[in-house]
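Enquirer: Next up is a structure, given as C-alpha coordinates.
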Amino acid sequence: MPNTRFDVLCLGNAIVDIIAPVEDAFLIKQQVAKGAMILIDEPRAEDLYGAMGPATVISGGSAANTAVGLASFGVRAGYVGKVRTDDVGALFTNDLRATGVTFDTAPAQDGPATARSFILVTPDGQRTMNTYLGACQNLTEADIDDAAVQASGIVYLEGYLWDPAAAKTAFLKAAGIAHANGSRVALTLSDSFCVDRYRSEFLDLIRTKVVDIVFANESELHALYQTSDFQAALSALREEDGLLGVITKGAEGSVIVTQDETLAVDAFPIETLVDSTGAGDLFAAGFLAGLAKDKHLRTCARLGALAAAEVIQHIGARPATSLAVLASQNGLTLDR
(Lines give C-alpha, C1' and ligand atoms only; values in the text may rest on other atoms or scores of the structure.)
Protein backbone atom coordinates (compact mmCIF):
# COMPACT_ATOMS: atom_id res chain seq x y z
CA MET A 1 0.00 0.00 0.00
CA PRO A 2 2.16 2.92 -1.28
CA ASN A 3 0.03 5.73 0.15
CA THR A 4 -0.01 4.60 3.77
CA ARG A 5 0.33 7.08 6.62
CA PHE A 6 1.91 4.37 8.78
CA ASP A 7 4.04 1.51 7.59
CA VAL A 8 3.08 -0.24 10.84
CA LEU A 9 0.39 0.60 13.40
CA CYS A 10 0.98 -1.09 16.78
CA LEU A 11 -1.75 -1.82 19.34
CA GLY A 12 -0.91 -2.78 22.91
CA ASN A 13 -0.87 -2.12 26.63
CA ALA A 14 0.65 1.29 27.43
CA ILE A 15 2.94 0.53 30.37
CA VAL A 16 5.79 2.24 32.21
CA ASP A 17 8.54 -0.18 33.24
CA ILE A 18 10.16 -0.08 36.67
CA ILE A 19 13.31 -2.19 36.30
CA ALA A 20 15.52 -3.40 39.13
CA PRO A 21 18.38 -5.91 39.40
CA VAL A 22 17.64 -8.70 41.89
CA GLU A 23 19.04 -12.05 42.96
CA ASP A 24 17.15 -15.28 42.38
CA ALA A 25 16.52 -15.43 46.12
CA PHE A 26 14.38 -12.28 45.81
CA LEU A 27 12.08 -14.03 43.32
CA ILE A 28 11.72 -16.97 45.69
CA LYS A 29 10.93 -14.68 48.61
CA GLN A 30 8.34 -12.80 46.55
CA GLN A 31 6.88 -16.08 45.25
CA VAL A 32 7.05 -15.17 41.58
CA ALA A 33 7.86 -17.53 38.70
CA LYS A 34 11.15 -16.63 37.05
CA GLY A 35 10.78 -15.47 33.45
CA ALA A 36 6.99 -15.09 33.63
CA MET A 37 4.69 -12.11 33.18
CA ILE A 38 2.03 -12.15 35.89
CA LEU A 39 -0.80 -9.70 36.45
CA ILE A 40 -0.99 -7.98 39.84
CA ASP A 41 -3.38 -5.54 41.55
CA GLU A 42 -2.50 -2.07 42.81
CA PRO A 43 -1.80 -3.07 46.46
CA ARG A 44 0.59 -5.80 45.27
CA ALA A 45 2.22 -3.25 42.94
CA GLU A 46 2.89 -0.93 45.87
CA ASP A 47 4.25 -3.75 48.05
CA LEU A 48 6.58 -4.96 45.31
CA TYR A 49 7.83 -1.47 44.55
CA GLY A 50 8.69 -0.99 48.22
CA ALA A 51 10.67 -4.24 48.29
CA MET A 52 12.59 -3.81 45.02
CA GLY A 53 15.19 -1.25 45.98
CA PRO A 54 16.80 1.17 43.47
CA ALA A 55 15.13 0.96 40.06
CA THR A 56 15.22 2.45 36.58
CA VAL A 57 11.94 3.99 35.40
CA ILE A 58 11.40 3.96 31.64
CA SER A 59 8.41 3.80 29.32
CA GLY A 60 7.71 0.30 28.03
CA GLY A 61 4.84 -1.89 26.90
CA SER A 62 5.55 -4.62 24.35
CA ALA A 63 3.93 -3.13 21.25
CA ALA A 64 5.09 0.38 22.21
CA ASN A 65 8.68 -0.91 22.36
CA THR A 66 8.18 -2.38 18.89
CA ALA A 67 6.84 0.94 17.62
CA VAL A 68 9.91 2.75 18.99
CA GLY A 69 12.16 0.20 17.30
CA LEU A 70 10.35 0.74 14.01
CA ALA A 71 10.78 4.51 14.28
CA SER A 72 14.48 4.00 15.05
CA PHE A 73 14.77 2.10 11.76
CA GLY A 74 13.21 5.10 10.00
CA VAL A 75 9.88 3.34 9.47
CA ARG A 76 6.63 5.28 9.90
CA ALA A 77 5.05 3.94 13.09
CA GLY A 78 1.84 4.69 14.95
CA TYR A 79 0.65 3.41 18.33
CA VAL A 80 -2.71 2.80 20.00
CA GLY A 81 -2.80 2.29 23.77
CA LYS A 82 -4.48 3.74 26.87
CA VAL A 83 -2.95 5.83 29.63
CA ARG A 84 -4.56 8.03 32.26
CA THR A 85 -4.04 11.78 32.70
CA ASP A 86 -1.49 11.29 35.49
CA ASP A 87 2.26 11.84 35.81
CA VAL A 88 3.09 8.31 34.68
CA GLY A 89 0.78 8.66 31.68
CA ALA A 90 2.43 11.95 30.73
CA LEU A 91 5.86 10.29 30.97
CA PHE A 92 4.76 7.47 28.68
CA THR A 93 3.21 9.85 26.14
CA ASN A 94 6.17 12.22 26.02
CA ASP A 95 8.71 9.40 25.78
CA LEU A 96 6.85 7.74 22.91
CA ARG A 97 6.27 10.88 20.88
CA ALA A 98 9.90 11.95 21.35
CA THR A 99 11.01 8.87 19.39
CA GLY A 100 8.94 9.86 16.36
CA VAL A 101 6.05 7.47 16.98
CA THR A 102 2.57 8.94 16.42
CA PHE A 103 0.45 8.43 19.55
CA ASP A 104 -2.97 10.08 19.48
CA THR A 105 -5.13 7.82 21.69
CA ALA A 106 -7.14 10.01 24.10
CA PRO A 107 -6.07 9.43 27.73
CA ALA A 108 -8.59 8.36 30.37
CA GLN A 109 -9.69 11.24 32.58
CA ASP A 110 -10.52 9.05 35.55
CA GLY A 111 -10.40 5.43 36.70
CA PRO A 112 -7.28 3.31 37.32
CA ALA A 113 -3.80 4.82 37.12
CA THR A 114 -1.50 4.36 34.12
CA ALA A 115 -0.15 0.81 33.98
CA ARG A 116 3.22 -0.16 35.43
CA SER A 117 5.32 -3.30 35.03
CA PHE A 118 7.78 -4.16 37.78
CA ILE A 119 10.59 -5.97 35.99
CA LEU A 120 13.02 -7.98 38.08
CA VAL A 121 16.29 -8.73 36.25
CA THR A 122 18.44 -11.56 37.62
CA PRO A 123 22.21 -11.81 37.06
CA ASP A 124 21.70 -14.10 34.04
CA GLY A 125 19.82 -11.30 32.24
CA GLN A 126 16.44 -13.03 32.57
CA ARG A 127 13.49 -10.75 33.28
CA THR A 128 10.44 -11.48 35.40
CA MET A 129 7.53 -9.10 34.92
CA ASN A 130 4.82 -8.21 37.43
CA THR A 131 2.28 -6.05 35.65
CA TYR A 132 -0.44 -3.78 37.01
CA LEU A 133 -2.63 -3.11 33.96
CA GLY A 134 -4.43 -0.08 35.37
CA ALA A 135 -5.68 2.23 32.62
CA CYS A 136 -4.82 -0.32 29.92
CA GLN A 137 -8.09 -2.01 30.79
CA ASN A 138 -9.97 1.05 29.55
CA LEU A 139 -8.89 0.57 25.93
CA THR A 140 -12.05 -0.09 23.90
CA GLU A 141 -13.12 -0.21 20.27
CA ALA A 142 -13.99 3.49 20.55
CA ASP A 143 -10.24 4.15 20.73
CA ILE A 144 -9.68 2.55 17.32
CA ASP A 145 -9.40 5.30 14.71
CA ASP A 146 -10.77 3.77 11.52
CA ALA A 147 -8.84 6.20 9.32
CA ALA A 148 -5.53 5.41 11.05
CA VAL A 149 -6.03 1.67 10.59
CA GLN A 150 -7.09 2.14 6.97
CA ALA A 151 -3.91 4.13 6.38
CA SER A 152 -1.59 1.43 7.77
CA GLY A 153 0.27 -1.17 5.72
CA ILE A 154 0.60 -3.60 8.64
CA VAL A 155 -1.35 -3.69 11.90
CA TYR A 156 0.60 -5.30 14.76
CA LEU A 157 -1.33 -6.60 17.76
CA GLU A 158 0.12 -7.49 21.16
CA GLY A 159 -1.02 -10.78 22.71
CA TYR A 160 -0.99 -9.22 26.18
CA LEU A 161 -3.86 -7.06 24.93
CA TRP A 162 -6.03 -10.16 25.21
CA ASP A 163 -6.03 -9.87 29.04
CA PRO A 164 -8.33 -6.81 29.36
CA ALA A 165 -11.76 -7.96 28.13
CA ALA A 166 -12.75 -4.72 26.37
CA ALA A 167 -9.48 -4.65 24.45
CA LYS A 168 -10.39 -7.88 22.64
CA THR A 169 -13.15 -6.05 20.81
CA ALA A 170 -10.73 -3.27 19.89
CA PHE A 171 -8.26 -5.88 18.64
CA LEU A 172 -10.84 -7.55 16.41
CA LYS A 173 -12.17 -4.25 15.11
CA ALA A 174 -8.68 -3.16 14.04
CA ALA A 175 -7.99 -6.50 12.36
CA GLY A 176 -11.27 -6.33 10.46
CA ILE A 177 -10.62 -2.81 9.19
CA ALA A 178 -7.08 -3.75 8.18
CA HIS A 179 -8.16 -6.74 6.12
CA ALA A 180 -10.98 -4.79 4.50
CA ASN A 181 -8.32 -2.40 3.23
CA GLY A 182 -5.87 -5.03 2.02
CA SER A 183 -3.45 -4.65 4.94
CA ARG A 184 -1.73 -7.45 6.84
CA VAL A 185 -2.36 -8.24 10.51
CA ALA A 186 0.41 -9.49 12.79
CA LEU A 187 0.08 -10.94 16.30
CA THR A 188 2.77 -11.55 18.88
CA LEU A 189 1.92 -14.31 21.37
CA SER A 190 3.76 -12.26 24.02
CA ASP A 191 4.34 -14.87 26.75
CA SER A 192 3.88 -18.61 27.28
CA PHE A 193 1.66 -17.95 30.28
CA CYS A 194 -0.44 -15.65 28.10
CA VAL A 195 -0.71 -18.50 25.58
CA ASP A 196 -1.79 -20.88 28.36
CA ARG A 197 -4.58 -18.47 29.26
CA TYR A 198 -5.85 -17.98 25.71
CA ARG A 199 -4.58 -20.93 23.65
CA SER A 200 -7.88 -21.82 22.01
CA GLU A 201 -8.63 -18.19 21.21
CA PHE A 202 -5.18 -17.58 19.70
CA LEU A 203 -5.50 -20.72 17.58
CA ASP A 204 -8.91 -19.54 16.45
CA LEU A 205 -7.43 -16.17 15.41
CA ILE A 206 -4.87 -18.04 13.32
CA ARG A 207 -7.23 -20.58 11.79
CA THR A 208 -9.98 -18.10 10.95
CA LYS A 209 -7.32 -15.87 9.32
CA VAL A 210 -7.88 -12.93 11.64
CA VAL A 211 -4.08 -12.76 11.71
CA ASP A 212 -1.64 -13.29 8.84
CA ILE A 213 1.66 -13.18 10.73
CA VAL A 214 2.49 -14.70 14.13
CA PHE A 215 5.54 -13.90 16.26
CA ALA A 216 6.50 -16.32 19.04
CA ASN A 217 9.51 -17.62 20.92
CA GLU A 218 10.17 -21.32 21.47
CA SER A 219 8.29 -21.59 24.76
CA GLU A 220 5.27 -19.78 23.34
CA LEU A 221 5.22 -22.08 20.31
CA HIS A 222 5.43 -25.14 22.55
CA ALA A 223 2.57 -23.77 24.66
CA LEU A 224 0.44 -23.01 21.60
CA TYR A 225 0.60 -26.57 20.27
CA GLN A 226 1.02 -28.26 23.67
CA THR A 227 4.15 -30.18 22.76
CA SER A 228 7.73 -30.17 24.03
CA ASP A 229 8.96 -31.26 20.59
CA PHE A 230 10.10 -28.15 18.69
CA GLN A 231 9.96 -29.83 15.28
CA ALA A 232 6.43 -31.07 15.94
CA ALA A 233 5.33 -27.59 16.97
CA LEU A 234 7.03 -26.11 13.92
CA SER A 235 5.27 -28.62 11.65
CA ALA A 236 1.92 -27.71 13.19
CA LEU A 237 2.61 -24.03 12.56
CA ARG A 238 3.69 -24.76 8.98
CA GLU A 239 0.33 -26.41 8.30
CA GLU A 240 -1.62 -23.25 9.16
CA ASP A 241 -2.89 -22.14 5.75
CA GLY A 242 -1.44 -18.84 4.54
CA LEU A 243 0.34 -18.01 7.79
CA LEU A 244 3.79 -16.47 8.15
CA GLY A 245 5.37 -17.74 11.37
CA VAL A 246 8.34 -15.98 12.97
CA ILE A 247 9.93 -18.00 15.79
CA THR A 248 12.80 -16.65 17.90
CA LYS A 249 15.23 -19.00 19.64
CA GLY A 250 17.44 -16.64 21.61
CA ALA A 251 21.15 -17.17 20.95
CA GLU A 252 20.25 -19.82 18.37
CA GLY A 253 18.65 -17.24 16.10
CA SER A 254 15.23 -17.54 14.50
CA VAL A 255 13.17 -19.75 12.22
CA ILE A 256 10.84 -18.26 9.60
CA VAL A 257 8.05 -20.54 8.43
CA THR A 258 5.61 -20.47 5.53
CA GLN A 259 3.87 -23.35 3.82
CA ASP A 260 6.48 -23.11 1.05
CA GLU A 261 9.73 -22.69 2.96
CA THR A 262 11.49 -22.78 6.32
CA LEU A 263 14.44 -20.45 6.91
CA ALA A 264 16.90 -20.67 9.81
CA VAL A 265 18.63 -17.35 10.50
CA ASP A 266 21.50 -16.82 12.94
CA ALA A 267 21.43 -14.40 15.84
CA PHE A 268 23.82 -11.44 15.86
CA PRO A 269 26.77 -11.93 18.24
CA ILE A 270 26.87 -9.83 21.42
CA GLU A 271 29.56 -8.95 23.94
CA THR A 272 27.52 -9.12 27.16
CA LEU A 273 23.93 -10.05 27.95
CA VAL A 274 22.72 -7.36 30.35
CA ASP A 275 18.91 -7.43 30.22
CA SER A 276 16.72 -9.56 27.95
CA THR A 277 13.73 -7.23 28.43
CA GLY A 278 12.45 -6.18 25.01
CA ALA A 279 14.39 -8.72 22.95
CA GLY A 280 11.25 -10.10 21.31
CA ASP A 281 9.73 -6.64 20.91
CA LEU A 282 12.78 -5.34 19.07
CA PHE A 283 13.14 -8.48 16.97
CA ALA A 284 9.56 -7.85 15.82
CA ALA A 285 10.47 -4.22 15.07
CA GLY A 286 13.34 -5.23 12.80
CA PHE A 287 11.38 -7.95 11.08
CA LEU A 288 8.37 -5.69 10.48
CA ALA A 289 10.61 -2.87 9.27
CA GLY A 290 12.01 -5.20 6.63
CA LEU A 291 8.58 -6.52 5.75
CA ALA A 292 7.18 -3.00 5.38
CA LYS A 293 9.98 -2.27 2.91
CA ASP A 294 9.36 -5.48 0.94
CA LYS A 295 12.63 -7.12 1.94
CA HIS A 296 13.29 -10.86 1.66
CA LEU A 297 12.23 -12.81 4.73
CA ARG A 298 15.86 -13.66 5.54
CA THR A 299 16.75 -9.97 5.52
CA CYS A 300 13.74 -9.24 7.72
CA ALA A 301 15.00 -11.80 10.23
CA ARG A 302 18.53 -10.36 10.14
CA LEU A 303 17.14 -6.90 10.89
CA GLY A 304 15.19 -8.40 13.78
CA ALA A 305 18.27 -10.16 15.11
CA LEU A 306 20.29 -6.94 14.88
CA ALA A 307 17.71 -4.95 16.87
CA ALA A 308 17.37 -7.68 19.50
CA ALA A 309 21.15 -7.87 19.92
CA GLU A 310 21.33 -4.12 20.48
CA VAL A 311 18.62 -3.98 23.15
CA ILE A 312 19.80 -6.90 25.30
CA GLN A 313 23.21 -5.31 25.86
CA HIS A 314 21.84 -2.50 28.05
CA ILE A 315 19.12 -1.90 30.63
CA GLY A 316 15.71 -1.07 29.17
CA ALA A 317 13.56 -2.37 26.35
CA ARG A 318 14.15 0.38 23.81
CA PRO A 319 17.16 0.99 21.56
CA ALA A 320 19.97 3.18 22.87
CA THR A 321 21.32 3.93 19.38
CA SER A 322 19.88 4.52 15.91
CA LEU A 323 18.87 1.18 14.45
CA ALA A 324 18.88 2.69 10.95
CA VAL A 325 22.55 3.59 11.36
CA LEU A 326 23.31 0.20 12.91
CA ALA A 327 21.59 -1.56 10.01
CA SER A 328 23.58 0.45 7.47
CA GLN A 329 26.83 -0.35 9.28
CA ASN A 330 25.98 -4.03 8.98
CA GLY A 331 25.08 -3.91 5.30
CA LEU A 332 21.33 -4.13 5.90
CA THR A 333 19.79 -1.29 3.95
CA LEU A 334 16.08 -0.53 4.23
CA ASP A 335 15.92 1.42 0.99
CA ARG A 336 13.40 -0.07 -1.40
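Letters for chains follow the order of the C-alpha coordinates (A, B, ...), residue numbers begin at 1 for each chain, and ligand numbers begin at 1 in the order shown.
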Report as a list in words all protein, DNA and RNA residues lying within 12 Å of Val274 (chain A), evaluated on only C-alpha atoms, omitting residues in the same chain fewer than 4 positions from it.

Expert: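 So, after excluding close chain neighbours, the residues are Pro21, Val121, Thr122, Pro123, Asp124, Gly125, Gln126, Arg127, Ile270, Gly278, Ala279, Ala309, Glu310, Val311, Ile312, Gln313, His314, Ile315, Gly316 and Ala317 of chain A.
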
Enquirer: Go ahead and write the residues just picked, all heavy atoms, as a short mmCIF file (atom, residue, chain, number, x, y, z; two decimals), in the first residue's frame.

Expert:
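Contents of the output file again_29.cif:
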```cif
data_model
loop_
_atom_site.label_atom_id
_atom_site.label_comp_id
_atom_site.auth_asym_id
_atom_site.auth_seq_id
_atom_site.Cartn_x
_atom_site.Cartn_y
_atom_site.Cartn_z
N PRO A 21 17.61 -4.67 39.32
CA PRO A 21 18.38 -5.91 39.40
C PRO A 21 18.09 -6.61 40.72
O PRO A 21 18.03 -5.96 41.77
CB PRO A 21 19.83 -5.41 39.33
CG PRO A 21 19.78 -4.02 39.89
CD PRO A 21 18.43 -3.46 39.51
N VAL A 121 15.25 -8.18 37.13
CA VAL A 121 16.29 -8.73 36.25
C VAL A 121 17.34 -9.45 37.10
O VAL A 121 18.00 -8.84 37.93
CB VAL A 121 16.96 -7.63 35.41
CG1 VAL A 121 17.98 -8.23 34.46
CG2 VAL A 121 15.91 -6.84 34.64
N THR A 122 17.47 -10.75 36.88
CA THR A 122 18.44 -11.56 37.62
C THR A 122 19.81 -11.50 36.94
O THR A 122 19.92 -11.04 35.80
CB THR A 122 17.93 -13.01 37.72
OG1 THR A 122 17.36 -13.41 36.46
CG2 THR A 122 16.87 -13.15 38.80
N PRO A 123 20.87 -11.94 37.61
CA PRO A 123 22.21 -11.81 37.06
C PRO A 123 22.42 -12.47 35.70
O PRO A 123 23.33 -12.09 34.95
CB PRO A 123 23.09 -12.48 38.13
CG PRO A 123 22.35 -12.26 39.40
CD PRO A 123 20.90 -12.40 39.03
N ASP A 124 21.58 -13.45 35.35
CA ASP A 124 21.70 -14.10 34.04
C ASP A 124 21.01 -13.33 32.93
O ASP A 124 20.95 -13.78 31.78
CB ASP A 124 21.15 -15.53 34.09
CG ASP A 124 19.68 -15.59 34.52
OD1 ASP A 124 19.08 -14.52 34.76
OD2 ASP A 124 19.13 -16.71 34.62
N GLY A 125 20.47 -12.13 33.25
CA GLY A 125 19.82 -11.30 32.24
C GLY A 125 18.35 -11.62 32.04
O GLY A 125 17.66 -10.93 31.29
N GLN A 126 17.85 -12.65 32.72
CA GLN A 126 16.44 -13.03 32.57
C GLN A 126 15.56 -12.01 33.27
O GLN A 126 15.89 -11.49 34.34
CB GLN A 126 16.23 -14.42 33.18
CG GLN A 126 14.81 -14.95 33.08
CD GLN A 126 14.37 -15.19 31.65
OE1 GLN A 126 13.87 -14.27 31.01
NE2 GLN A 126 14.56 -16.40 31.17
N ARG A 127 14.39 -11.71 32.66
CA ARG A 127 13.49 -10.75 33.28
C ARG A 127 12.20 -11.42 33.70
O ARG A 127 11.67 -12.29 33.01
CB ARG A 127 13.24 -9.55 32.37
CG ARG A 127 12.16 -9.68 31.30
CD ARG A 127 12.60 -10.49 30.11
NE ARG A 127 11.63 -10.48 29.05
CZ ARG A 127 10.62 -11.35 28.93
NH1 ARG A 127 10.40 -12.24 29.85
NH2 ARG A 127 9.82 -11.31 27.89
N ILE A 270 26.84 -10.93 20.45
CA ILE A 270 26.87 -9.83 21.42
C ILE A 270 28.09 -9.99 22.31
O ILE A 270 28.69 -11.07 22.39
CB ILE A 270 25.59 -9.79 22.28
CG1 ILE A 270 25.47 -11.08 23.13
CG2 ILE A 270 24.35 -9.59 21.42
CD1 ILE A 270 24.38 -11.01 24.19
N GLY A 278 12.64 -6.83 26.30
CA GLY A 278 12.45 -6.18 25.01
C GLY A 278 13.07 -6.89 23.83
O GLY A 278 12.93 -6.43 22.70
N ALA A 279 13.74 -8.03 24.07
CA ALA A 279 14.39 -8.72 22.95
C ALA A 279 13.38 -9.10 21.88
O ALA A 279 13.60 -8.86 20.68
CB ALA A 279 15.12 -9.96 23.46
N ALA A 309 19.79 -7.86 19.37
CA ALA A 309 21.15 -7.87 19.92
C ALA A 309 21.50 -6.52 20.54
O ALA A 309 22.18 -6.47 21.58
CB ALA A 309 22.15 -8.22 18.82
N GLU A 310 21.04 -5.45 19.93
CA GLU A 310 21.33 -4.12 20.48
C GLU A 310 20.65 -3.94 21.84
O GLU A 310 21.28 -3.49 22.81
CB GLU A 310 20.85 -3.03 19.51
CG GLU A 310 21.29 -1.62 19.86
CD GLU A 310 20.50 -0.94 20.98
OE1 GLU A 310 19.33 -1.32 21.19
OE2 GLU A 310 21.07 -0.05 21.64
N VAL A 311 19.39 -4.32 21.94
CA VAL A 311 18.62 -3.98 23.15
C VAL A 311 18.99 -4.83 24.35
O VAL A 311 18.84 -4.38 25.50
CB VAL A 311 17.11 -4.04 22.85
CG1 VAL A 311 16.58 -5.48 22.92
CG2 VAL A 311 16.32 -3.15 23.80
N ILE A 312 19.49 -6.05 24.15
CA ILE A 312 19.80 -6.90 25.30
C ILE A 312 21.17 -6.61 25.91
O ILE A 312 21.53 -7.20 26.92
CB ILE A 312 19.71 -8.40 24.93
CG1 ILE A 312 20.79 -8.80 23.90
CG2 ILE A 312 18.32 -8.76 24.45
CD1 ILE A 312 20.81 -10.29 23.59
N GLN A 313 21.89 -5.65 25.32
CA GLN A 313 23.21 -5.31 25.86
C GLN A 313 23.18 -4.07 26.75
O GLN A 313 24.23 -3.54 27.13
CB GLN A 313 24.21 -5.13 24.72
CG GLN A 313 24.46 -6.44 23.96
CD GLN A 313 25.54 -6.30 22.91
OE1 GLN A 313 26.74 -6.38 23.20
NE2 GLN A 313 25.12 -6.09 21.67
N HIS A 314 21.97 -3.62 27.09
CA HIS A 314 21.84 -2.50 28.05
C HIS A 314 20.51 -2.63 28.78
O HIS A 314 19.61 -3.39 28.37
CB HIS A 314 21.94 -1.15 27.32
CG HIS A 314 20.90 -0.95 26.25
ND1 HIS A 314 19.59 -0.62 26.52
CD2 HIS A 314 20.98 -1.03 24.89
CE1 HIS A 314 18.92 -0.51 25.39
NE2 HIS A 314 19.75 -0.75 24.37
N ILE A 315 20.37 -1.91 29.88
CA ILE A 315 19.12 -1.90 30.63
C ILE A 315 18.05 -1.17 29.84
O ILE A 315 18.29 -0.14 29.23
CB ILE A 315 19.31 -1.21 32.01
CG1 ILE A 315 20.20 -2.06 32.93
CG2 ILE A 315 17.97 -0.94 32.68
CD1 ILE A 315 19.54 -3.34 33.42
N GLY A 316 16.83 -1.71 29.86
CA GLY A 316 15.71 -1.07 29.17
C GLY A 316 15.35 -1.78 27.89
O GLY A 316 16.19 -2.44 27.27
N ALA A 317 14.09 -1.61 27.49
CA ALA A 317 13.56 -2.37 26.35
C ALA A 317 13.47 -1.57 25.07
O ALA A 317 12.76 -1.97 24.15
CB ALA A 317 12.17 -2.91 26.73
#
```

Enquirer: Report the residues of region 24-186 of chain A whose backbone DSSP state falls under strand (DSSP E or B), written as a ChimeraX atom specification.

Expert: /A:37-39,56-60,77-80,84,102-103,108,115-121,127-132,152-158,184-186

Enquirer: Residues near region 251-261 of chain A, anyone? I mean within 8 Å using only C-alpha atoms, not counting same-chain ones fewer than 3 positions away, as an NGL selection string.

Expert: :A and (234 or 237-248 or 264-268 or 297-298 or 301 or 305)

Enquirer: Between CA of Tyr132 (chain A) and CA of Ile40 (chain A), what is the spacing in Å?

Expert: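 Computed distance, CA of Ile40 (chain A) to CA of Tyr132 (chain A), equals 5.1 Å.
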
Enquirer: Dump as a tab-separated table the rows for residues of region 232-308 of chain A within 12 Å of region 319-330 of chain A: closest atom pair and distance in Å with one decimal, only C-alpha atoms counted, ordered by chain and rising residue number.

Expert:
```
residue	atom	partner	partner_atom	distance
A:Phe268	CA	A:Asn330	CA	10.3
A:Thr277	CA	A:Pro319	CA	11.2
A:Gly278	CA	A:Pro319	CA	9.3
A:Ala279	CA	A:Pro319	CA	10.2
A:Asp281	CA	A:Pro319	CA	10.7
A:Leu282	CA	A:Pro319	CA	8.1
A:Phe283	CA	A:Pro319	CA	11.3
A:Ala285	CA	A:Leu323	CA	10.0
A:Gly286	CA	A:Leu323	CA	8.6
A:Ala289	CA	A:Ala324	CA	10.1
A:Gly290	CA	A:Ala327	CA	10.8
A:Thr299	CA	A:Ala327	CA	10.7
A:Cys300	CA	A:Ala327	CA	11.2
A:Arg302	CA	A:Ala327	CA	9.3
A:Leu303	CA	A:Ala327	CA	7.0
A:Gly304	CA	A:Ala327	CA	10.1
A:Ala305	CA	A:Ala327	CA	10.5
A:Leu306	CA	A:Ala327	CA	7.4
A:Ala307	CA	A:Leu323	CA	6.7
A:Ala308	CA	A:Pro319	CA	8.9
```

Enquirer: Running DSSP on the backbone, which parts of region 139-215 of chain A land in alpha helix (DSSP H), as a ChimeraX atom specification?

Expert: /A:146-150,165-180,192-207

Enquirer: Find the distance between CA of Asp24 (chain A) and CA of Asp275 (chain A) and write it in Å to one decimal.

Expert: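 CA of Asp275 (chain A) lies at a distance of 14.6 Å from CA of Asp24 (chain A).
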
Enquirer: Measuring between only C-alpha atoms, which one of A:Leu120, A:Val185, A:Val83, A:Cys10 shows the shortest distance to Ala55 (chain A)?

Expert: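 Counting only C-alpha atoms, the residue closest to Ala55 (chain A) is A:Leu120.
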
Enquirer: Pick the closest to Thr131 (chain A) from A:Phe202, A:Tyr225, A:Phe73, A:Tyr49: which is it, counting only C-alpha atoms?

Expert: A:Tyr49

Enquirer: So how far away is CA of Ile177 (chain A) from CA of Asp95 (chain A), in Å?

Expert: 28.2 Å

Enquirer: With distances taken over only C-alpha atoms, which residue among A:Arg199, A:His222, A:His296, A:Arg184 lies nearest Tyr156 (chain A)?

Expert: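 Closest candidate: A:Arg184.
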
Enquirer: Which is closer to Ile15 (chain A) than all the others in A:Lys29, A:Arg97, A:Arg44, A:Arg116, using only C-alpha atoms?

Expert: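 Distance minimum relative to Ile15 (chain A) lands on A:Arg116.
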